[in-house]
>>> print(open('upload_20.txt').read())   # compact mmCIF, C-alpha atoms (C1' of nucleotides)
# COMPACT_ATOMS: atom_id res chain seq x y z
CA MET H 24 17.39 7.62 -0.95
CA LEU H 25 17.47 4.16 -2.49
CA ALA H 26 19.39 0.98 -1.81
CA LEU H 27 19.93 -1.49 -4.64
CA GLN H 28 21.73 -4.74 -4.04
CA PHE H 29 20.69 -6.56 -7.19
CA ASP H 30 22.87 -8.25 -9.73
CA PHE H 31 21.31 -6.52 -12.71
CA ALA H 32 23.05 -8.95 -15.07
CA SER H 33 21.45 -11.97 -13.41
CA GLY H 34 18.74 -13.89 -15.19
CA GLY H 35 16.11 -13.34 -12.49
CA VAL H 36 16.26 -9.56 -12.54
CA ARG H 37 16.52 -9.41 -16.34
CA ALA H 38 13.56 -11.74 -16.71
CA TYR H 39 11.43 -9.75 -14.27
CA PHE H 40 11.97 -6.47 -16.08
CA GLY H 41 12.43 -7.91 -19.56
CA TYR H 42 15.53 -5.98 -20.66
CA ALA H 43 18.07 -7.49 -23.01
CA ASP H 44 21.17 -5.85 -21.52
CA LYS H 45 23.61 -7.43 -19.07
CA PRO H 46 24.64 -4.32 -17.19
CA ASN H 47 27.41 -4.10 -14.66
CA PHE H 48 25.92 -1.94 -11.89
CA PRO H 49 27.61 -2.25 -8.50
CA ALA H 50 25.68 -2.93 -5.29
CA ARG H 51 24.65 0.40 -3.80
CA TYR H 52 23.55 0.93 -0.22
CA ASN H 53 22.73 4.63 -0.17
CA ILE H 54 21.89 6.28 -3.49
CA ALA H 55 21.18 10.00 -3.18
CA PRO H 56 19.22 12.31 -5.50
CA THR H 57 21.26 13.60 -8.47
CA GLN H 58 23.15 10.30 -8.64
CA ALA H 59 22.68 7.70 -11.38
CA ILE H 60 19.99 5.07 -10.84
CA PRO H 61 18.98 2.06 -12.95
CA VAL H 62 15.96 2.60 -15.18
CA VAL H 63 14.08 0.25 -17.51
CA CYS H 64 12.68 1.95 -20.60
CA ARG H 65 11.88 1.19 -24.22
CA ASP H 66 14.23 2.12 -27.02
CA GLY H 67 13.19 3.30 -30.48
CA GLN H 68 12.48 -0.30 -31.56
CA GLY H 69 10.25 -0.97 -28.55
CA THR H 70 12.87 -3.18 -26.92
CA ARG H 71 13.21 -2.87 -23.16
CA ARG H 72 16.57 -1.51 -22.12
CA PHE H 73 18.52 -1.03 -18.91
CA ARG H 74 19.75 2.56 -18.60
CA LEU H 75 21.42 4.71 -15.96
CA MET H 76 19.82 8.10 -15.45
CA ARG H 77 20.28 11.09 -13.15
CA TRP H 78 17.73 10.89 -10.34
CA GLY H 79 16.15 14.33 -10.57
CA LEU H 80 14.26 15.09 -13.77
CA LEU H 81 15.22 18.12 -15.83
CA PRO H 82 12.53 19.17 -18.33
CA PRO H 83 13.90 19.91 -21.79
CA PHE H 84 13.10 23.62 -21.49
CA VAL H 85 15.41 24.17 -18.53
CA LYS H 86 18.33 26.43 -19.36
CA ASP H 87 20.20 26.54 -16.07
CA PRO H 88 19.84 23.43 -13.85
CA LYS H 89 21.39 25.35 -10.95
CA ARG H 90 18.27 27.51 -10.87
CA PHE H 91 15.81 24.65 -11.11
CA PRO H 92 14.68 22.33 -8.32
CA THR H 93 15.71 18.68 -8.21
CA LEU H 94 12.54 16.87 -9.23
CA ILE H 95 13.02 13.48 -7.59
CA ASN H 96 9.25 12.91 -7.30
CA ALA H 97 6.16 13.80 -9.31
CA ARG H 98 2.61 13.71 -7.94
CA SER H 99 0.84 11.19 -10.15
CA GLU H 100 -2.52 12.97 -9.75
CA ALA H 101 -1.06 16.10 -11.36
CA VAL H 102 1.35 14.88 -14.05
CA LEU H 103 -1.01 15.61 -16.93
CA GLU H 104 -1.24 19.28 -16.00
CA LYS H 105 2.36 20.01 -15.00
CA PRO H 106 4.54 21.46 -17.77
CA SER H 107 7.54 19.67 -16.29
CA PHE H 108 5.97 16.21 -16.54
CA ARG H 109 3.21 16.27 -19.15
CA HIS H 110 5.40 15.44 -22.12
CA ALA H 111 7.17 12.64 -20.27
CA MET H 112 3.83 11.19 -19.16
CA ARG H 113 2.81 10.98 -22.82
CA ARG H 114 6.13 9.86 -24.32
CA ARG H 115 8.67 8.75 -21.72
CA ARG H 116 7.33 6.39 -19.09
CA CYS H 117 9.74 4.00 -17.39
CA LEU H 118 10.24 1.59 -14.50
CA ILE H 119 12.70 1.95 -11.64
CA PRO H 120 13.92 -1.31 -10.06
CA ALA H 121 13.98 -1.15 -6.27
CA ASP H 122 14.03 -3.28 -3.16
CA GLY H 123 12.05 -0.71 -1.18
CA PHE H 124 12.26 2.93 -0.17
CA TYR H 125 13.02 5.12 2.84
CA GLU H 126 10.80 7.38 4.89
CA TRP H 127 11.71 9.50 7.91
CA THR H 128 10.14 10.76 11.08
CA GLY H 129 11.52 13.27 13.58
CA ALA H 130 13.00 16.72 13.54
CA LYS H 131 15.91 18.00 11.49
CA GLY H 132 19.23 16.68 12.74
CA LYS H 133 17.64 13.68 14.48
CA LYS H 134 15.71 12.02 11.69
CA ARG H 135 14.67 8.41 12.30
CA PRO H 136 14.89 6.48 9.04
CA PHE H 137 12.59 3.59 8.14
CA HIS H 138 13.07 1.18 5.27
CA LEU H 139 9.82 0.12 3.65
CA ARG H 140 10.56 -3.28 2.17
CA PRO H 141 8.47 -6.12 0.76
CA ARG H 142 7.05 -8.27 3.54
CA GLU H 143 7.92 -11.28 1.38
CA PRO H 144 11.23 -10.87 -0.52
CA ARG H 145 10.56 -9.88 -4.15
CA LEU H 146 11.52 -7.34 -6.78
CA ILE H 147 9.73 -4.00 -6.88
CA ALA H 148 9.21 -1.66 -9.84
CA PHE H 149 8.41 2.00 -9.28
CA ALA H 150 6.65 4.08 -11.92
CA GLY H 151 8.94 6.72 -13.36
CA LEU H 152 9.13 9.44 -16.01
CA TYR H 153 12.28 10.49 -17.80
CA GLU H 154 13.55 13.22 -20.09
CA THR H 155 16.71 13.77 -22.05
CA TRP H 156 18.16 17.14 -21.15
CA GLN H 157 20.55 18.96 -23.44
CA ASP H 158 23.17 21.15 -21.85
CA PRO H 159 24.22 24.36 -23.63
CA ALA H 160 27.34 22.63 -24.95
CA GLY H 161 25.17 20.03 -26.69
CA GLY H 162 25.76 17.13 -24.30
CA GLU H 163 22.79 14.96 -23.36
CA ILE H 164 21.81 13.80 -19.87
CA ASP H 165 19.02 11.31 -19.22
CA THR H 166 17.11 12.33 -16.10
CA VAL H 167 14.33 10.54 -14.22
CA THR H 168 11.72 11.08 -11.51
CA ILE H 169 9.64 8.66 -9.40
CA LEU H 170 5.86 9.04 -9.29
CA THR H 171 4.10 9.25 -5.95
CA CYS H 172 0.53 8.57 -4.83
CA GLU H 173 -1.46 8.63 -1.63
CA ALA H 174 0.10 6.42 1.06
CA ASN H 175 -1.41 3.03 1.77
CA ARG H 176 -2.30 2.00 5.33
CA THR H 177 1.18 0.77 6.20
CA VAL H 178 3.02 3.82 4.91
CA ALA H 179 0.47 6.30 6.25
CA ALA H 180 1.84 5.72 9.75
CA LEU H 181 5.01 7.50 8.58
CA HIS H 182 3.98 9.73 5.65
CA ASP H 183 1.06 10.69 3.48
CA ARG H 184 2.77 9.86 0.17
CA MET H 185 4.52 6.80 -1.28
CA PRO H 186 6.08 5.73 -4.58
CA VAL H 187 3.77 4.15 -7.15
CA VAL H 188 4.46 0.43 -7.56
CA ILE H 189 3.79 -1.19 -10.95
CA GLU H 190 3.11 -4.94 -10.97
CA PRO H 191 4.49 -7.04 -13.87
CA GLU H 192 1.05 -7.48 -15.46
CA GLN H 193 1.01 -3.71 -16.04
CA PHE H 194 4.64 -3.27 -17.20
CA GLU H 195 3.74 -3.36 -20.87
CA ALA H 196 0.82 -0.95 -20.55
CA TRP H 197 2.93 1.50 -18.54
CA LEU H 198 5.89 1.37 -20.95
CA ASP H 199 3.86 1.30 -24.20
CA VAL H 200 3.55 5.01 -24.89
CA GLU H 201 2.48 4.31 -28.50
CA GLY H 202 -0.45 2.07 -27.66
CA VAL H 203 -1.52 3.39 -24.26
CA SER H 204 -2.46 7.04 -23.79
CA ALA H 205 -1.29 9.12 -20.86
CA GLU H 206 -4.88 9.16 -19.57
CA GLU H 207 -5.11 5.37 -19.70
CA ALA H 208 -1.69 5.03 -18.11
CA LEU H 209 -2.75 7.36 -15.31
CA ALA H 210 -5.54 4.96 -14.41
CA ILE H 211 -2.95 2.27 -13.61
CA LEU H 212 -1.42 4.38 -10.85
CA GLY H 213 -2.40 4.05 -7.20
CA PRO H 214 -1.25 2.90 -3.77
CA ALA H 215 0.20 -0.59 -3.40
CA ALA H 216 -1.69 -3.20 -1.38
CA ASP H 217 -1.56 -2.53 2.36
CA ASP H 218 0.36 -5.73 3.07
CA LEU H 219 3.05 -5.36 0.37
CA PHE H 220 5.54 -3.40 2.52
CA GLU H 221 6.64 -3.52 6.13
CA ALA H 222 8.45 -0.66 7.88
CA VAL H 223 11.81 -1.51 9.49
CA GLU H 224 13.53 1.20 11.49
CA MET H 225 17.15 1.68 10.41
CA HIS H 226 20.25 2.93 12.15
CA PRO H 227 20.55 6.70 11.55
CA LYS H 228 23.94 6.23 9.93
CA ILE H 229 21.95 5.70 6.72
CA ASN H 230 21.15 9.44 6.88
CA ASP H 231 24.69 10.33 5.79
CA SER H 232 24.67 9.95 2.02
CA ARG H 233 28.47 10.14 1.96
CA LYS H 234 28.45 6.62 3.37
CA ASP H 235 27.69 3.91 0.82
CA GLU H 236 28.99 0.56 1.96
CA PRO H 237 27.77 -2.85 3.15
CA GLY H 238 26.42 -2.54 6.68
CA ILE H 239 25.06 0.98 6.26
CA GLN H 240 21.62 -0.50 5.69
CA GLU H 241 21.26 -2.01 9.15
CA PRO H 242 18.08 -2.42 11.20
CA LEU H 243 18.20 -0.40 14.42
CA GLN H 244 17.57 -3.39 16.69
CA LEU H 245 20.63 -5.29 15.44
CA SER H 246 22.88 -2.30 15.97
CA LEU H 247 21.99 -2.17 19.66
CA LEU H 248 23.27 -5.68 20.33
C1' DC R 47 2.03 42.12 -25.46
C1' DC R 48 6.41 40.60 -22.29
C1' DA R 49 8.43 38.39 -18.21
C1' DG R 50 8.80 34.69 -15.45
C1' DA R 51 7.61 30.27 -13.90
C1' DC R 52 7.79 25.56 -14.78
C1' DG R 53 8.17 21.14 -8.20
C1' DT R 54 7.81 18.04 -4.10
C1' DT R 55 8.26 16.93 0.57
C1' DG R 56 7.74 18.05 5.16
C1' DT R 57 6.93 21.22 8.81
C1' DT R 58 4.52 24.89 11.07
C1' DG N 197 15.99 30.38 6.41
C1' DT N 198 17.86 28.58 2.19
C1' DC N 199 21.11 26.49 -0.77
C1' DT N 200 24.45 22.78 -2.04
C1' DG N 201 26.52 18.26 -2.10
C1' DG N 202 26.01 13.55 -1.72
C1' DC Y 286 15.73 12.58 0.83
C1' DC Y 287 19.25 14.41 4.86
C1' DA Y 288 23.38 16.92 6.53
C1' DG Y 289 26.03 20.72 6.47
C1' DA Y 290 27.28 25.09 4.89
C1' DC Y 291 26.21 29.75 4.78
C1' DG Y 292 32.76 34.10 3.13
C1' DT Y 293 36.64 37.03 1.50
C1' DT Y 294 41.27 38.46 0.79
C1' DG Y 295 45.59 37.17 0.03
C1' DT Y 296 49.12 33.72 0.06
C1' DT Y 297 50.93 29.16 -1.17
C1' DG W 263 8.07 24.74 -25.10
C1' DT W 264 3.91 26.38 -22.78
C1' DC W 265 1.26 28.55 -19.35
C1' DT W 266 0.25 32.33 -16.01
C1' DG W 267 0.27 36.93 -14.16
C1' DG W 268 0.53 41.62 -14.92
>>> encode(input="upload_20.txt", output="structure tokens")
Amino acid sequence: MLALQFDFASGGVRAYFGYADKPNFPARYNIAPTQAIPVVCRDGQGTRRFRLMRWGLLPPFVKDPKRFPTLINARSEAVLEKPSFRHAMRRRRCLIPADGFYEWTGAKGKKRPFHLRPREPRLIAFAGLYETWQDPAGGEIDTVTILTCEANRTVAALHDRMPVVIEPEQFEAWLDVEGVSAEEALAILGPAADDLFEAVEMHPKINDSRKDEPGIQEPLQLSLL
DNA sequence: CCAGACGTTGTT
DNA sequence: GTCTGG
DNA sequence: CCAGACGTTGTT
DNA sequence: GTCTGG
């Protein structure tokens, strides 16, 4: 799940990611896999663009998406070998704007959600791969997945994996599939600094993806008052 | 050769 | 246990 | 990712 | 489309 409360048309966000568009994407508090998420990628001219893509990559060779898993994550260590990701790693790298991510502990039915958010408020960019999938009728769907890596110290308390964060100095190298090989791009990927994120336990109401409204993203402590 | 897979996370 | 919907 | 369903026949 | 297993 993701929460995104940015104004993607505002100058600050556009300047950080370097896209020319002024998109109108509403504040979201609980984005689930298979839903549309904002993505920053390069177009044919090399210009950075804001795009909405289905979260859950479909490789071009898939015939029936119903009989294919929802690929919301890709292990960065393995992307060069996996048929589902290899082409995208060479030709379709992208950034996913975020303000953090969720991890869970606990058993099914009583999951305790934690929001991992920047210790100091700032924008985050996750490393992503995308593919354009063609349905049998000829329609095109842009689909995207988020790369993961070994957890850093902070995240390891909850899980052994975390999304790959790309810092602005590496945006161009990550996005430049013409000038930077997949092997070189792979070398950029790794766990974020241990002090980038802090874990804040959330109210379990965030677990219900049918709810997407202000207040759903509420720290557990506040809700007990 | 053809048929079938092609993936991750978390949990045990 | 496994699949689907969000 | 988590939560919730997991089914058919026949009738409206 | 490409790779793996049989």
>>> closest_atom_pairs(input="upload_20.txt", of="chain W", to="chain H", cutoff="9 Å", atoms="all atoms listed in the file", output="Markdown table")
| residue | atom | partner | partner_atom | distance |
| --- | --- | --- | --- | --- |
| W:DG263 | C1' | H:Phe84 | CA | 6.3 |
| W:DT264 | C1' | H:Pro106 | CA | 7.1 |
| W:DC265 | C1' | H:Pro106 | CA | 8.0 |
>>> residues_around(input="upload_20.txt", residues="N:DG202", least_positions_apart="4", cutoff="7 Å", atoms="all atoms listed in the file", output="PyMOL selection string")
chain H and resi 55+232-233
>>> interface_residues(input="upload_20.txt", of="chain H", to="chain R", cutoff="12 Å", atoms="all atoms listed in the file", output="mmCIF file with C-alpha atoms, keeping the file's coordinate frame")
data_model
loop_
_atom_site.group_PDB
_atom_site.id
_atom_site.type_symbol
_atom_site.label_atom_id
_atom_site.label_comp_id
_atom_site.auth_asym_id
_atom_site.auth_seq_id
_atom_site.Cartn_x
_atom_site.Cartn_y
_atom_site.Cartn_z
ATOM 1 C CA GLY H 79 16.150 14.330 -10.570
ATOM 2 C CA LEU H 80 14.260 15.090 -13.770
ATOM 3 C CA LEU H 81 15.220 18.120 -15.830
ATOM 4 C CA PRO H 82 12.530 19.170 -18.330
ATOM 5 C CA PRO H 83 13.900 19.910 -21.790
ATOM 6 C CA PHE H 84 13.100 23.620 -21.490
ATOM 7 C CA VAL H 85 15.410 24.170 -18.530
ATOM 8 C CA LYS H 86 18.330 26.430 -19.360
ATOM 9 C CA ARG H 90 18.270 27.510 -10.870
ATOM 10 C CA PHE H 91 15.810 24.650 -11.110
ATOM 11 C CA PRO H 92 14.680 22.330 -8.320
ATOM 12 C CA THR H 93 15.710 18.680 -8.210
ATOM 13 C CA LEU H 94 12.540 16.870 -9.230
ATOM 14 C CA ILE H 95 13.020 13.480 -7.590
ATOM 15 C CA ASN H 96 9.250 12.910 -7.300
ATOM 16 C CA ALA H 97 6.160 13.800 -9.310
ATOM 17 C CA ARG H 98 2.610 13.710 -7.940
ATOM 18 C CA SER H 99 0.840 11.190 -10.150
ATOM 19 C CA ALA H 101 -1.060 16.100 -11.360
ATOM 20 C CA VAL H 102 1.350 14.880 -14.050
ATOM 21 C CA GLU H 104 -1.240 19.280 -16.000
ATOM 22 C CA LYS H 105 2.360 20.010 -15.000
ATOM 23 C CA PRO H 106 4.540 21.460 -17.770
ATOM 24 C CA SER H 107 7.540 19.670 -16.290
ATOM 25 C CA PHE H 108 5.970 16.210 -16.540
ATOM 26 C CA ARG H 109 3.210 16.270 -19.150
ATOM 27 C CA GLU H 126 10.800 7.380 4.890
ATOM 28 C CA TRP H 127 11.710 9.500 7.910
ATOM 29 C CA THR H 128 10.140 10.760 11.080
ATOM 30 C CA GLY H 129 11.520 13.270 13.580
ATOM 31 C CA ALA H 130 13.000 16.720 13.540
ATOM 32 C CA LYS H 131 15.910 18.000 11.490
ATOM 33 C CA LYS H 134 15.710 12.020 11.690
ATOM 34 C CA THR H 168 11.720 11.080 -11.510
ATOM 35 C CA ILE H 169 9.640 8.660 -9.400
ATOM 36 C CA LEU H 170 5.860 9.040 -9.290
ATOM 37 C CA THR H 171 4.100 9.250 -5.950
ATOM 38 C CA CYS H 172 0.530 8.570 -4.830
ATOM 39 C CA LEU H 181 5.010 7.500 8.580
ATOM 40 C CA HIS H 182 3.980 9.730 5.650
ATOM 41 C CA ASP H 183 1.060 10.690 3.480
ATOM 42 C CA ARG H 184 2.770 9.860 0.170
ATOM 43 C CA MET H 185 4.520 6.800 -1.280
#
>>> atom_distance(input="upload_20.txt", atom1="atom CA of H:Arg115", atom2="atom CA of H:Tyr153")
5.6 Å
>>> atom_distance(input="upload_20.txt", atom1="atom C1' of N:DG201", atom2="atom CA of H:Arg74")
23.8 Å
